[in-house]
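work_7.pdb follows (PDB, C-alpha atoms):
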```pdb
MODEL        1
ATOM      1  CA  MET A   1      24.516  76.873  47.923
ATOM      2  CA  ILE A   2      25.146  78.274  44.447
ATOM      3  CA  ARG A   3      25.580  82.031  43.988
ATOM      4  CA  SER A   4      25.067  83.901  40.728
ATOM      5  CA  LYS A   5      28.043  85.627  39.158
ATOM      6  CA  ASP A   6      26.472  89.047  39.668
ATOM      7  CA  GLY A   7      25.683  88.280  43.328
ATOM      8  CA  ARG A   8      21.970  89.093  43.097
ATOM      9  CA  ILE A   9      20.561  85.606  43.699
ATOM     10  CA  PHE A  10      21.549  82.246  45.104
ATOM     11  CA  LEU A  11      20.165  78.729  44.699
ATOM     12  CA  GLN A  12      19.695  76.466  47.670
ATOM     13  CA  LEU A  13      18.222  72.999  48.027
ATOM     14  CA  LEU A  14      14.782  73.456  49.529
ATOM     15  CA  GLN A  15      14.284  71.981  52.979
ATOM     16  CA  VAL A  16      11.042  71.279  54.834
ATOM     17  CA  GLU A  17      11.665  74.510  56.777
ATOM     18  CA  HIS A  18      11.045  76.434  53.519
ATOM     19  CA  ALA A  19       7.490  75.044  53.145
ATOM     20  CA  ARG A  20       5.675  78.114  54.553
ATOM     21  CA  GLU A  21       7.712  80.480  52.377
ATOM     22  CA  LEU A  22       7.137  78.319  49.281
ATOM     23  CA  LEU A  23       3.414  78.185  50.013
ATOM     24  CA  ASP A  24       3.266  81.984  50.352
ATOM     25  CA  LEU A  25       5.074  82.363  47.018
ATOM     26  CA  ARG A  26       2.702  79.925  45.313
ATOM     27  CA  LEU A  27      -0.415  81.568  46.765
ATOM     28  CA  ARG A  28       0.722  85.092  45.798
ATOM     29  CA  ASN A  29       1.331  83.890  42.248
ATOM     30  CA  HIS A  30      -1.427  81.284  41.909
ATOM     31  CA  HIS A  31      -3.418  83.005  39.142
ATOM     32  CA  TYR A  32      -0.271  84.138  37.362
ATOM     33  CA  LEU A  33       1.252  80.634  37.278
ATOM     34  CA  GLN A  34      -1.981  78.661  36.812
ATOM     35  CA  PRO A  35      -1.799  78.458  32.978
ATOM     36  CA  PHE A  36       1.627  76.805  33.235
ATOM     37  CA  GLU A  37       1.014  74.463  36.166
ATOM     38  CA  PRO A  38      -0.717  71.088  36.262
ATOM     39  CA  ILE A  39      -4.138  70.931  37.891
ATOM     40  CA  ARG A  40      -3.481  70.359  41.575
ATOM     41  CA  ASP A  41      -5.643  69.217  44.453
ATOM     42  CA  ALA A  42      -6.392  71.869  47.100
ATOM     43  CA  SER A  43      -4.265  69.913  49.591
ATOM     44  CA  PHE A  44      -1.176  70.862  47.557
ATOM     45  CA  PHE A  45      -1.735  74.497  48.527
ATOM     46  CA  THR A  46      -1.162  73.869  52.231
ATOM     47  CA  VAL A  47       1.989  73.875  54.344
ATOM     48  CA  GLU A  48       1.710  70.094  54.552
ATOM     49  CA  GLY A  49       1.378  69.842  50.763
ATOM     50  CA  GLN A  50       4.500  71.917  50.273
ATOM     51  CA  GLU A  51       6.358  69.884  52.894
ATOM     52  CA  ALA A  52       5.475  66.694  51.010
ATOM     53  CA  ASP A  53       6.625  68.215  47.710
ATOM     54  CA  ILE A  54       9.936  69.306  49.225
ATOM     55  CA  GLN A  55      10.362  65.969  51.026
ATOM     56  CA  SER A  56      10.259  64.160  47.664
ATOM     57  CA  GLY A  57      13.635  65.710  46.834
ATOM     58  CA  ILE A  58      15.365  65.013  50.133
ATOM     59  CA  GLY A  59      17.273  61.841  50.851
ATOM     60  CA  ASP A  60      19.973  59.659  49.387
ATOM     61  CA  LYS A  61      21.196  61.536  46.304
ATOM     62  CA  ASP A  62      21.717  58.255  44.432
ATOM     63  CA  ARG A  63      18.095  57.202  44.923
ATOM     64  CA  ILE A  64      15.982  60.334  44.650
ATOM     65  CA  SER A  65      14.329  61.102  41.332
ATOM     66  CA  SER A  66      13.792  64.831  41.916
ATOM     67  CA  GLN A  67      15.453  67.770  43.615
ATOM     68  CA  LEU A  68      13.961  71.176  44.345
ATOM     69  CA  PHE A  69      16.001  74.356  44.596
ATOM     70  CA  GLY A  70      14.843  77.721  45.830
ATOM     71  CA  ILE A  71      15.800  80.875  43.950
ATOM     72  CA  PHE A  72      16.587  83.381  46.705
ATOM     73  CA  ILE A  73      17.276  87.107  46.482
ATOM     74  CA  GLU A  74      20.747  87.693  47.945
ATOM     75  CA  GLU A  75      19.963  91.070  49.502
ATOM     76  CA  THR A  76      16.828  89.986  51.387
ATOM     77  CA  ASN A  77      16.958  86.145  51.458
ATOM     78  CA  GLU A  78      13.442  86.236  49.957
ATOM     79  CA  LEU A  79      12.305  83.104  48.112
ATOM     80  CA  ALA A  80      11.621  84.386  44.584
ATOM     81  CA  GLY A  81      11.102  81.129  42.689
ATOM     82  CA  ARG A  82      11.762  77.426  42.458
ATOM     83  CA  ILE A  83      13.757  75.143  40.171
ATOM     84  CA  ALA A  84      12.843  71.462  39.902
ATOM     85  CA  LEU A  85      15.043  68.721  38.522
ATOM     86  CA  THR A  86      12.738  65.750  37.956
ATOM     87  CA  GLY A  87      13.043  62.345  36.367
ATOM     88  CA  ILE A  88      16.673  62.199  37.442
ATOM     89  CA  ALA A  89      18.393  59.244  35.767
ATOM     90  CA  ARG A  90      21.663  58.019  37.242
ATOM     91  CA  GLY A  91      24.265  55.749  35.721
ATOM     92  CA  PRO A  92      25.998  56.059  32.368
ATOM     93  CA  PHE A  93      23.161  58.229  30.988
ATOM     94  CA  GLN A  94      22.922  61.090  33.473
ATOM     95  CA  ASN A  95      19.742  62.981  32.634
ATOM     96  CA  ALA A  96      16.919  65.037  34.169
ATOM     97  CA  ASN A  97      14.040  67.328  33.277
ATOM     98  CA  LEU A  98      14.259  70.967  34.306
ATOM     99  CA  GLY A  99      11.327  73.134  35.294
ATOM    100  CA  TYR A 100      11.167  76.453  37.071
ATOM    101  CA  PHE A 101       8.964  79.339  38.031
ATOM    102  CA  ILE A 102       9.692  82.784  39.337
ATOM    103  CA  GLY A 103       7.238  85.067  41.099
ATOM    104  CA  ARG A 104       5.579  87.717  39.000
ATOM    105  CA  GLU A 105       7.176  90.487  41.061
ATOM    106  CA  HIS A 106      10.605  89.156  40.041
ATOM    107  CA  GLN A 107       9.937  88.774  36.307
ATOM    108  CA  GLY A 108      12.069  90.782  33.915
ATOM    109  CA  LYS A 109      15.049  91.157  36.247
ATOM    110  CA  GLY A 110      17.272  88.600  34.529
ATOM    111  CA  TYR A 111      17.218  86.093  37.381
ATOM    112  CA  THR A 112      16.380  83.130  35.133
ATOM    113  CA  THR A 113      18.382  84.051  32.041
TER     114      THR A 113
ENDMDL
END
```
In structure tokens, how does this file's structure come out?
Amino acid sequence: MIRSKDGRIFLQLLQVEHARELLDLRLRNHHYLQPFEPIRDASFFTVEGQEADIQSGIGDKDRISSQLFGIFIEETNELAGRIALTGIARGPFQNANLGYFIGREHQGKGYTT
């Protein structure tokens, strides 16, 4: 777990147990995030779809190519957003792509700056 310096949020590797909460966050913010997200099949917007997405980042850290972190509000433990490290390259050239989203209700609060 990684805590922010100001103590308002923490980052935690997402686990399959977070699938329902992640789905709720995505559904609440679907129209808001849609312009920035790839076109996804309806099956992605199910608990099983979220479990599969999370599962892709769980396993042997030397073999996985992505990791998903939840952005949680410290005070309430609410899942406010998600950070994805994808295309993880190991070896001498350590590299990854970074993507994130935060729920509309949490925009403008400095959580992602």
Q.
From the options A:Gly110, A:Gly91, A:Ile73, A:Ile64, which residue's atoms come nearest to A:Phe10, counting all atoms listed in the file?
A.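 Smallest distance to A:Phe10 is found for A:Ile73.
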Q: Measuring atom to atom with all atoms listed in the file, identify which of A:Gly103, A:Gly108, A:Gly70, A:Gly87 is nearest to A:Met1.
A: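 Checking each candidate against A:Met1, we get A:Gly70 as the closest.
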For the file shown, report as a compact mmCIF listing (two decimals) with C-alpha atoms, in the coordinates of the input the outcome of the PyMOL selection byres ((chain A and resi 100) around 10) at residue level.
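Just written: part02.txt:
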```txt
# COMPACT_ATOMS: atom_id res chain seq x y z
CA LEU A 68 13.96 71.18 44.34
CA PHE A 69 16.00 74.36 44.60
CA GLY A 70 14.84 77.72 45.83
CA ILE A 71 15.80 80.88 43.95
CA GLY A 81 11.10 81.13 42.69
CA ARG A 82 11.76 77.43 42.46
CA ILE A 83 13.76 75.14 40.17
CA ALA A 84 12.84 71.46 39.90
CA LEU A 85 15.04 68.72 38.52
CA LEU A 98 14.26 70.97 34.31
CA GLY A 99 11.33 73.13 35.29
CA PHE A 101 8.96 79.34 38.03
CA ILE A 102 9.69 82.78 39.34
CA THR A 112 16.38 83.13 35.13
```
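Of note, atom CA of A:Val16 and atom CA of A:Arg63 are spaced 18.6 Å apart.
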Q. Smallest atom-to-atom distance to A:Glu75: which of A:Arg3, A:Arg8, A:Lys109, A:His30, using only C-alpha atoms?
A.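 Selected residue with least distance to A:Glu75: A:Arg8.
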Q | All residues 10 Å or closer to A:Arg90, all atoms listed in the file, same chain fewer than 2 positions away omitted, as a PyMOL selection string | A | chain A and resi 61-65+87-88+92-96
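Minimum atom-to-atom distances from A:Ala80, A:Ile39, A:Ala89, A:Leu23 to A:Gln107 were compared using all atoms listed in the file, and the lowest value belongs to A:Ala80.
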Q: Take atom CA of A:Ser56 and atom CA of A:Gly7 and report the distance between them in Å, one decimal.
A: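 One can read the atom CA of A:Ser56 to atom CA of A:Gly7 distance as 29.0 Å.
Listed by chain and then by number, the residues chosen by the PyMOL selection byres ((chain A and resi 51) around 10) in this file are Leu14, Gln15, Val16, Glu17, His18, Ala19, Arg20, Leu22, Leu23, Phe44, Thr46, Val47, Glu48, Gly49, Gln50, Ala52, Asp53, Ile54, Gln55 and Ser56 of chain A.
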Q) How many Å separate atom CA of A:Glu74 from atom CA of A:Ile9? A)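 Those two atoms sit 4.7 Å apart.
With all atoms listed in the file as the basis for measurement, A:Arg104 is the residue among A:Asp6, A:Arg104, A:Glu78, A:Thr113 that approaches A:His31 most closely.
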